[in-house]
Every structure is written in structure tokens, then in C-alpha cells.
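Have a look at query.pdb below; it lists PDB, C-alpha atoms.
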ATOM      1  CA  MET X  99      22.140  15.520   4.059
ATOM      2  CA  GLY X 100      23.835  12.471   2.579
ATOM      3  CA  ASN X 101      23.283  10.933  -0.849
ATOM      4  CA  ILE X 102      21.819   7.540  -1.761
ATOM      5  CA  TYR X 103      24.022   5.569  -4.167
ATOM      6  CA  LEU X 104      22.466   2.657  -6.047
ATOM      7  CA  ILE X 105      25.345   0.213  -6.335
ATOM      8  CA  PRO X 106      25.200  -2.518  -9.010
ATOM      9  CA  ASN X 107      26.337  -5.994  -8.042
ATOM     10  CA  LEU X 108      27.730  -8.874 -10.090
ATOM     11  CA  LEU X 109      25.434 -11.386 -11.800
ATOM     12  CA  GLY X 110      26.875 -14.436 -10.064
ATOM     13  CA  GLU X 111      30.584 -15.221 -10.000
ATOM     14  CA  SER X 112      31.422 -12.942 -12.916
ATOM     15  CA  SER X 113      34.533 -10.814 -13.265
ATOM     16  CA  LEU X 114      34.770  -7.402 -11.633
ATOM     17  CA  GLU X 115      35.564  -6.128 -15.128
ATOM     18  CA  VAL X 116      31.815  -5.826 -15.777
ATOM     19  CA  LEU X 117      31.719  -2.927 -13.285
ATOM     20  CA  PRO X 118      33.078   0.567 -14.031
ATOM     21  CA  SER X 119      35.889   1.820 -11.781
ATOM     22  CA  GLN X 120      33.517   4.480 -10.398
ATOM     23  CA  VAL X 121      31.612   1.765  -8.511
ATOM     24  CA  ALA X 122      34.739   0.728  -6.583
ATOM     25  CA  THR X 123      35.539   4.371  -5.835
ATOM     26  CA  ILE X 124      32.088   5.009  -4.370
ATOM     27  CA  VAL X 125      32.064   1.774  -2.336
ATOM     28  CA  GLN X 126      35.476   2.674  -0.921
ATOM     29  CA  SER X 127      34.113   6.038   0.244
ATOM     30  CA  LEU X 128      31.039   4.695   2.062
ATOM     31  CA  THR X 129      30.505   3.315   5.551
ATOM     32  CA  TYR X 130      26.719   2.840   5.548
ATOM     33  CA  PHE X 131      25.045   0.230   3.348
ATOM     34  CA  VAL X 132      21.535  -1.184   2.918
ATOM     35  CA  VAL X 133      21.592  -4.738   1.557
ATOM     36  CA  GLU X 134      19.482  -7.842   0.986
ATOM     37  CA  ASN X 135      21.973 -10.275   2.533
ATOM     38  CA  GLU X 136      24.772  -9.166   4.843
ATOM     39  CA  LYS X 137      27.123 -12.083   4.193
ATOM     40  CA  SER X 138      27.059 -11.789   0.406
ATOM     41  CA  ALA X 139      27.162  -7.979   0.569
ATOM     42  CA  ARG X 140      30.300  -8.088   2.718
ATOM     43  CA  LYS X 141      31.858 -10.521   0.255
ATOM     44  CA  PHE X 142      31.091  -8.156  -2.624
ATOM     45  CA  ILE X 143      32.441  -5.126  -0.755
ATOM     46  CA  LYS X 144      35.629  -7.036   0.040
ATOM     47  CA  GLN X 145      36.010  -7.965  -3.638
ATOM     48  CA  ILE X 146      35.548  -4.480  -4.994
ATOM     49  CA  ALA X 147      37.183  -2.517  -2.156
ATOM     50  CA  PRO X 148      39.681  -4.921  -0.519
ATOM     51  CA  ASN X 149      41.257  -2.219   1.642
ATOM     52  CA  LYS X 150      38.041  -1.357   3.488
ATOM     53  CA  VAL X 151      37.968  -2.379   7.148
ATOM     54  CA  GLN X 152      34.997  -4.741   7.446
ATOM     55  CA  ALA X 153      34.545  -4.073  11.168
ATOM     56  CA  GLU X 154      33.811  -0.400  10.444
ATOM     57  CA  LEU X 155      30.961  -1.096   8.024
ATOM     58  CA  GLN X 156      27.438  -0.195   9.131
ATOM     59  CA  ILE X 157      25.111  -2.606   7.332
ATOM     60  CA  ALA X 158      21.305  -2.658   7.497
ATOM     61  CA  VAL X 159      19.430  -5.603   5.992
ATOM     62  CA  ILE X 160      16.134  -5.374   4.074
ATOM     63  CA  ASN X 161      13.718  -8.149   4.982
ATOM     64  CA  LYS X 162      11.757  -8.444   1.750
ATOM     65  CA  HIS X 163       9.409 -11.091   3.200
ATOM     66  CA  HIS X 164       7.969  -8.924   5.982
ATOM     67  CA  GLU X 165       6.480  -5.476   6.390
ATOM     68  CA  THR X 166       9.341  -3.050   6.853
ATOM     69  CA  ASP X 167       9.646   0.572   7.951
ATOM     70  CA  PHE X 168      11.807   1.525   4.970
ATOM     71  CA  ALA X 169      12.199   5.118   6.154
ATOM     72  CA  HIS X 170      14.515   4.102   9.016
ATOM     73  CA  PHE X 171      17.126   2.903   6.500
ATOM     74  CA  LEU X 172      17.605   6.555   5.548
ATOM     75  CA  THR X 173      18.463   7.767   9.057
ATOM     76  CA  PRO X 174      22.224   8.002   8.298
ATOM     77  CA  CYS X 175      21.435  10.339   5.385
ATOM     78  CA  LEU X 176      19.544  12.668   7.701
ATOM     79  CA  GLN X 177      22.687  12.719   9.868
ATOM     80  CA  GLY X 178      24.850  13.719   6.901
ATOM     81  CA  HIS X 179      26.170  10.304   5.846
ATOM     82  CA  SER X 180      25.805   8.916   2.325
ATOM     83  CA  ILE X 181      24.572   5.337   1.993
ATOM     84  CA  GLY X 182      24.903   2.639  -0.646
ATOM     85  CA  ILE X 183      22.077   0.273  -1.577
ATOM     86  CA  ILE X 184      23.376  -3.074  -2.831
ATOM     87  CA  SER X 185      21.192  -5.666  -4.555
ATOM     88  CA  GLU X 186      21.887  -9.392  -4.405
ATOM     89  CA  ALA X 187      22.523  -9.343  -8.148
ATOM     90  CA  GLY X 188      22.363  -6.689 -10.814
ATOM     91  CA  CYS X 189      20.984  -3.199 -10.230
ATOM     92  CA  PRO X 190      19.085  -1.982  -7.146
ATOM     93  CA  GLY X 191      15.516  -0.918  -7.795
ATOM     94  CA  ILE X 192      15.074  -3.187 -10.827
ATOM     95  CA  ALA X 193      12.983  -6.173  -9.702
ATOM     96  CA  ASP X 194      14.439  -5.427  -6.292
ATOM     97  CA  PRO X 195      13.172  -4.246  -2.852
ATOM     98  CA  GLY X 196      15.574  -1.294  -2.946
ATOM     99  CA  ALA X 197      12.930   0.602  -4.926
ATOM    100  CA  ASP X 198      10.864   1.115  -1.767
ATOM    101  CA  ILE X 199      13.714   2.946  -0.052
ATOM    102  CA  VAL X 200      14.425   5.041  -3.138
ATOM    103  CA  ARG X 201      10.786   6.155  -3.325
ATOM    104  CA  ILE X 202      10.922   7.416   0.255
ATOM    105  CA  ALA X 203      14.250   9.129  -0.433
ATOM    106  CA  HIS X 204      12.582  11.141  -3.201
ATOM    107  CA  GLN X 205       9.756  12.080  -0.848
ATOM    108  CA  LYS X 206      12.366  13.428   1.564
ATOM    109  CA  LYS X 207      14.099  15.387  -1.250
ATOM    110  CA  MET X 208      17.289  13.347  -0.949
ATOM    111  CA  ARG X 209      19.639  12.971  -3.898
ATOM    112  CA  VAL X 210      19.535   9.514  -5.500
ATOM    113  CA  ILE X 211      22.546   8.578  -7.655
ATOM    114  CA  PRO X 212      22.354   5.431  -9.839
ATOM    115  CA  LEU X 213      25.683   3.842 -10.782
ATOM    116  CA  VAL X 214      26.261   1.954 -14.016
ATOM    117  CA  GLY X 215      26.418  -1.832 -13.862
ATOM    118  CA  PRO X 216      24.969  -5.074 -15.252
ATOM    119  CA  SER X 217      21.202  -5.548 -15.360
ATOM    120  CA  SER X 218      20.253  -9.049 -16.477
ATOM    121  CA  LEU X 219      16.922  -7.759 -17.813
ATOM    122  CA  LEU X 220      18.467  -5.101 -20.031
ATOM    123  CA  LEU X 221      21.360  -7.302 -21.165
ATOM    124  CA  ALA X 222      18.893 -10.044 -22.106
ATOM    125  CA  MET X 223      16.699  -7.556 -23.957
ATOM    126  CA  MET X 224      19.686  -6.069 -25.776
ATOM    127  CA  SER X 225      20.842  -9.467 -26.998
ATOM    128  CA  SER X 226      17.423 -10.943 -27.844
ATOM    129  CA  GLY X 227      16.756  -9.245 -31.172
ATOM    130  CA  LEU X 228      13.181  -8.672 -29.963
ATOM    131  CA  ASN X 229      11.322  -5.366 -29.624
ATOM    132  CA  GLY X 230      13.516  -3.083 -27.524
ATOM    133  CA  GLN X 231      11.137  -0.186 -28.233
ATOM    134  CA  ASN X 232       8.260  -1.753 -26.318
ATOM    135  CA  PHE X 233       8.725  -4.398 -23.630
ATOM    136  CA  ALA X 234       7.454  -5.363 -20.169
ATOM    137  CA  PHE X 235       8.905  -7.295 -17.237
ATOM    138  CA  ASN X 236       6.421  -9.632 -15.537
ATOM    139  CA  GLY X 237       8.468 -11.109 -12.695
ATOM    140  CA  TYR X 238       7.629 -14.672 -11.685
ATOM    141  CA  LEU X 239       4.771 -16.569 -13.314
ATOM    142  CA  PRO X 240       2.055 -18.346 -11.288
ATOM    143  CA  ILE X 241       2.965 -21.824 -10.037
ATOM    144  CA  GLU X 242      -0.542 -23.305 -10.275
ATOM    145  CA  LYS X 243      -0.906 -25.066 -13.630
ATOM    146  CA  GLN X 244      -4.121 -23.469 -14.904
ATOM    147  CA  GLU X 245      -3.124 -19.970 -13.827
ATOM    148  CA  ARG X 246       0.279 -20.424 -15.448
ATOM    149  CA  TYR X 247      -1.345 -21.563 -18.700
ATOM    150  CA  LYS X 248      -3.639 -18.514 -18.753
ATOM    151  CA  THR X 249      -0.733 -16.186 -17.975
ATOM    152  CA  LEU X 250       1.454 -17.662 -20.712
ATOM    153  CA  LYS X 251      -1.299 -17.337 -23.310
ATOM    154  CA  ASN X 252      -1.904 -13.730 -22.225
ATOM    155  CA  LEU X 253       1.793 -12.875 -22.452
ATOM    156  CA  GLU X 254       2.021 -14.590 -25.835
ATOM    157  CA  SER X 255      -0.889 -12.509 -27.093
ATOM    158  CA  LYS X 256       0.840  -9.278 -26.012
ATOM    159  CA  ALA X 257       4.133 -10.428 -27.525
ATOM    160  CA  ARG X 258       2.508 -11.248 -30.863
ATOM    161  CA  LYS X 259       1.041  -7.731 -30.917
ATOM    162  CA  GLY X 260       4.552  -6.292 -30.649
ATOM    163  CA  GLN X 261       5.361  -5.884 -26.950
ATOM    164  CA  ALA X 262       8.214  -8.172 -25.851
ATOM    165  CA  GLN X 263       7.419  -9.963 -22.566
ATOM    166  CA  LEU X 264      10.173 -10.730 -20.049
ATOM    167  CA  PHE X 265       9.806 -13.062 -17.057
ATOM    168  CA  ILE X 266      11.873 -15.225 -14.736
ATOM    169  CA  GLU X 267      11.584 -18.428 -12.737
ATOM    170  CA  THR X 268      13.249 -19.854  -9.652
ATOM    171  CA  PRO X 269      16.397 -21.421 -11.191
ATOM    172  CA  TYR X 270      15.644 -24.970 -10.061
ATOM    173  CA  ARG X 271      12.294 -24.807 -11.927
ATOM    174  CA  ASN X 272      13.685 -23.405 -15.195
ATOM    175  CA  ASN X 273      13.536 -26.700 -17.069
ATOM    176  CA  ASN X 274       9.901 -27.200 -16.066
ATOM    177  CA  LEU X 275       9.070 -23.704 -17.293
ATOM    178  CA  LEU X 276      10.722 -24.395 -20.654
ATOM    179  CA  THR X 277       8.582 -27.537 -20.972
ATOM    180  CA  ASP X 278       5.473 -25.472 -20.230
ATOM    181  CA  LEU X 279       6.494 -22.891 -22.823
ATOM    182  CA  THR X 280       7.071 -25.400 -25.614
ATOM    183  CA  SER X 281       3.838 -27.268 -24.865
ATOM    184  CA  THR X 282       1.644 -24.166 -24.522
ATOM    185  CA  LEU X 283       2.773 -21.552 -27.049
ATOM    186  CA  GLN X 284       2.257 -21.380 -30.808
ATOM    187  CA  PRO X 285       5.038 -22.892 -32.972
ATOM    188  CA  ASP X 286       6.093 -19.579 -34.543
ATOM    189  CA  THR X 287       6.162 -17.516 -31.331
ATOM    190  CA  LEU X 288       9.709 -16.371 -30.660
ATOM    191  CA  LEU X 289      11.371 -17.213 -27.359
ATOM    192  CA  CYS X 290      14.684 -15.825 -26.153
ATOM    193  CA  ILE X 291      16.461 -17.724 -23.404
ATOM    194  CA  ALA X 292      19.325 -15.796 -21.818
ATOM    195  CA  CYS X 293      21.083 -17.685 -19.029
ATOM    196  CA  ASP X 294      24.233 -17.133 -16.968
ATOM    197  CA  ILE X 295      24.552 -13.602 -18.338
ATOM    198  CA  THR X 296      28.144 -12.211 -18.000
ATOM    199  CA  LEU X 297      29.402 -15.614 -16.769
ATOM    200  CA  PRO X 298      31.773 -17.911 -18.695
ATOM    201  CA  THR X 299      28.833 -20.322 -19.212
ATOM    202  CA  GLU X 300      26.606 -17.617 -20.759
ATOM    203  CA  GLU X 301      24.106 -18.843 -23.377
ATOM    204  CA  ILE X 302      21.700 -16.578 -25.286
ATOM    205  CA  SER X 303      19.471 -17.765 -28.134
ATOM    206  CA  THR X 304      16.265 -16.557 -29.761
ATOM    207  CA  LEU X 305      14.333 -19.223 -31.664
ATOM    208  CA  PRO X 306      10.705 -20.014 -32.538
ATOM    209  CA  ILE X 307       8.983 -22.442 -30.204
ATOM    210  CA  HIS X 308       9.025 -25.272 -32.753
ATOM    211  CA  GLN X 309      12.836 -25.131 -32.795
ATOM    212  CA  TRP X 310      13.100 -25.023 -29.001
ATOM    213  CA  LYS X 311      11.130 -28.292 -28.948
ATOM    214  CA  LYS X 312      14.011 -29.946 -30.818
ATOM    215  CA  LYS X 313      16.841 -28.274 -28.897
ATOM    216  CA  THR X 314      18.481 -29.678 -25.780
ATOM    217  CA  ILE X 315      19.486 -27.141 -23.151
ATOM    218  CA  ASP X 316      19.858 -27.644 -19.411
ATOM    219  CA  LEU X 317      18.734 -24.568 -17.439
ATOM    220  CA  GLN X 318      18.703 -26.285 -14.049
ATOM    221  CA  LYS X 319      19.904 -23.877 -11.326
ATOM    222  CA  ARG X 320      21.140 -21.353 -13.915
ATOM    223  CA  PRO X 321      19.875 -17.741 -13.588
ATOM    224  CA  THR X 322      17.753 -17.222 -16.702
ATOM    225  CA  ILE X 323      15.691 -14.514 -18.375
ATOM    226  CA  PHE X 324      12.878 -15.627 -20.690
ATOM    227  CA  ILE X 325      11.515 -13.254 -23.358
ATOM    228  CA  LEU X 326       8.552 -13.788 -25.691
ATOM    229  CA  GLY X 327       8.390 -11.896 -28.974
ATOM    230  CA  SER X 328       7.146 -11.978 -32.526
TER
END

Once more with this new file: its structure as C-alpha cells, please.
Amino acid sequence: MGNIYLIPNLLGESSLEVLPSQVATIVQSLTYFVVENEKSARKFIKQIAPNKVQAELQIAVINKHHETDFAHFLTPCLQGHSIGIISEAGCPGIADPGADIVRIAHQKKMRVIPLVGPSSLLLAMMSSGLNGQNFAFNGYLPIEKQERYKTLKNLESKARKGQAQLFIETPYRNNNLLTDLTSTLQPDTLLCIACDITLPTEEISTLPIHQWKKKTIDLQKRPTIFILGS
């Protein structure tokens, strides 16, 4: 039976130096991959293992917007082939549909091997200065105004009790979310904004809300992690 390798990807157009050499070695050894987007996955594989013959790759694509029979992605493993799961960015299984395949792999007693690489959530948490002993990731916030307001106040309440609260937004709506944060939250609530992590344009700051109101930062179309703390 083959193994399942969880292969970390780059966080945007960052340098391959953020990945350990082991990742390239494993990618070079594999033929079967499960990915979110075939075009970008092939580009990544070509970057990290330029000598691989692209025509020989066997790539299956996860459709995260529809019901999927995740078990069939593991068929090569049952035939003795190891597979690599590649996320669009960061680490598979962390805010990522790859987790569904991994769960089934455990049910089938397959060996799951996570490889070291950049996770925007952990890197943001590490650099925030907020409570790394107790934190939660909340994904995307509601779009509807009243629901978003209620959610933000609930997350602020948890953060002020000591549990750091992480969340994200579609990059083109980041600036709107920052406006909502500064108009909704209490002045002394801490907010970390970590954008373009590992990229040359990386910016990470933790400030109270009243200071963010005075600060100018453009988050438009920049991958960003938001963290509330106290």
C-alpha cells in the first residue's frame, strides 16, 4: 500500500527557499497527485522538481464546490503507489479540502506523512504577539451586514477572554473588512493584520483598534490573516 504525502505549497510568488529540500525530494519521487487546481499544481511541480516529465504525471483534481467521492482519490495507494496532496497555498488539510481525503486514508489504515512548509495561519499567529497557547481559526466571516456584526462582536468577546481569534476574507474585500473591524470593535481590542506572508511585500502589525483607525494600509487583493486578541 502506498503512502499519502501532504505537500506544502508556496504562499504566492515566494521563493522556494521557504520549503525544506525534503519536499523537492518527495515531489521528484511521486507520479500521482491530488490537487485543487491542475494548472497551478503543474507549475509548482515544475518549479520544485524541474526534471520531472510533466506528461507522466497522474493528477486528480478535488472539486471543493460539489459533493465528491473522496475515497476514489486513494485508489493509486491501494495499488501500491504513493500519492501527494498539494494545496493551492500553504499546507494541505489546514483550511483546505485535502482534510477529507486524509480522514478516509486513516479509516483505511494508510500511512499519512505531513511535510514541513509554510502555513499562513501559524506564521501569522507566531508573529502576532497574541495568545499562542489558546487560539481558534474561524474561516470566512458572514457577508450579510447584521450577521457579520454579530460574529465580530462574538469573536471580540472570545478574544478579550484570552482566546486569539483568526479569520480571513476574500482578498478583494479586505479593505471593507478592515473598515468593519475599526467601526465595530472596542478601541483597546488588539488586531493583528498579517498580509503577503513570506513575500517581499510582507506586512505584519499588531495594534489596538484605535490606532488602526489612524493608520493607512491597502490590503486590496493581498492575502491576509486577521487576528483579534487582548

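Using the PyMOL selection byres ((chain X and resi 226-242) around 8) on the file at hand returns these residues: Ala193, Ala222, Met223, Met224, Ser225, Lys243, Gln244, Glu245, Arg246, Thr249, Gly260, Gln261, Ala262, Gln263, Leu264, Phe265, Ile266, Glu267, Thr268, Cys290, Ala292, Ile302, Ser303, Thr304, Ile325, Gly327 and Ser328 of chain X.
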
Would you output that residue set with C-alpha atoms, as a JSON list (two decimals), keeping the file's coordinate frame?
[["chain", "number", "residue", "atom", "x", "y", "z"],
["X", 193, "ALA", "CA", 12.98, -6.17, -9.70],
["X", 222, "ALA", "CA", 18.89, -10.04, -22.11],
["X", 223, "MET", "CA", 16.70, -7.56, -23.96],
["X", 224, "MET", "CA", 19.69, -6.07, -25.78],
["X", 225, "SER", "CA", 20.84, -9.47, -27.00],
["X", 243, "LYS", "CA", -0.91, -25.07, -13.63],
["X", 244, "GLN", "CA", -4.12, -23.47, -14.90],
["X", 245, "GLU", "CA", -3.12, -19.97, -13.83],
["X", 246, "ARG", "CA", 0.28, -20.42, -15.45],
["X", 249, "THR", "CA", -0.73, -16.19, -17.98],
["X", 260, "GLY", "CA", 4.55, -6.29, -30.65],
["X", 261, "GLN", "CA", 5.36, -5.88, -26.95],
["X", 262, "ALA", "CA", 8.21, -8.17, -25.85],
["X", 263, "GLN", "CA", 7.42, -9.96, -22.57],
["X", 264, "LEU", "CA", 10.17, -10.73, -20.05],
["X", 265, "PHE", "CA", 9.81, -13.06, -17.06],
["X", 266, "ILE", "CA", 11.87, -15.22, -14.74],
["X", 267, "GLU", "CA", 11.58, -18.43, -12.74],
["X", 268, "THR", "CA", 13.25, -19.85, -9.65],
["X", 290, "CYS", "CA", 14.68, -15.82, -26.15],
["X", 292, "ALA", "CA", 19.32, -15.80, -21.82],
["X", 302, "ILE", "CA", 21.70, -16.58, -25.29],
["X", 303, "SER", "CA", 19.47, -17.76, -28.13],
["X", 304, "THR", "CA", 16.26, -16.56, -29.76],
["X", 325, "ILE", "CA", 11.52, -13.25, -23.36],
["X", 327, "GLY", "CA", 8.39, -11.90, -28.97],
["X", 328, "SER", "CA", 7.15, -11.98, -32.53]]

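Between atom CA of Ala257 of chain X and atom CA of Thr314 of chain X the separation is 24.1 Å.
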
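Note that atom CA of Thr296 of chain X and atom CA of Val116 of chain X are 7.7 Å apart.
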
What does the distance between atom CA of Arg201 of chain X and atom CA of Leu172 of chain X come to in Å, to one decimal place?
11.2 Å

Nearest to Leu289 of chain X: which of X:Leu128, X:Leu276, X:Val210, X:Val200 is it, counting all atoms listed in the file?
X:Leu276

Which residues come within 12 Å of Glu111 of chain X, counting only C-alpha atoms, excluding same-chain residues fewer than 5 positions away, as a list in words?
Val116, Ser138, Lys141, Phe142, Gln145, Glu186, Ala187, Gly188, Asp294, Ile295, Thr296, Leu297, Pro298, Thr299, Glu300, Arg320 and Pro321 of chain X

Edge lengths and centre, in Å to one decimal, as AutoDock Vina command-line options: that's what I need for the box along x, y and z that holds all listed atoms of segment 315-322 of chain X plus 8 Å on each side.
--center_x 19.4 --center_y -22.4 --center_z -17.2 --size_x 19.4 --size_y 26.4 --size_z 27.8

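For the structure in this document, the set picked by the PyMOL selection byres ((chain X and resi 183) around 7) is Tyr103, Leu104, Ile105, Phe131, Val132, Val133, Ile181, Gly182, Ile184, Ser185, Pro190 and Gly196 of chain X.
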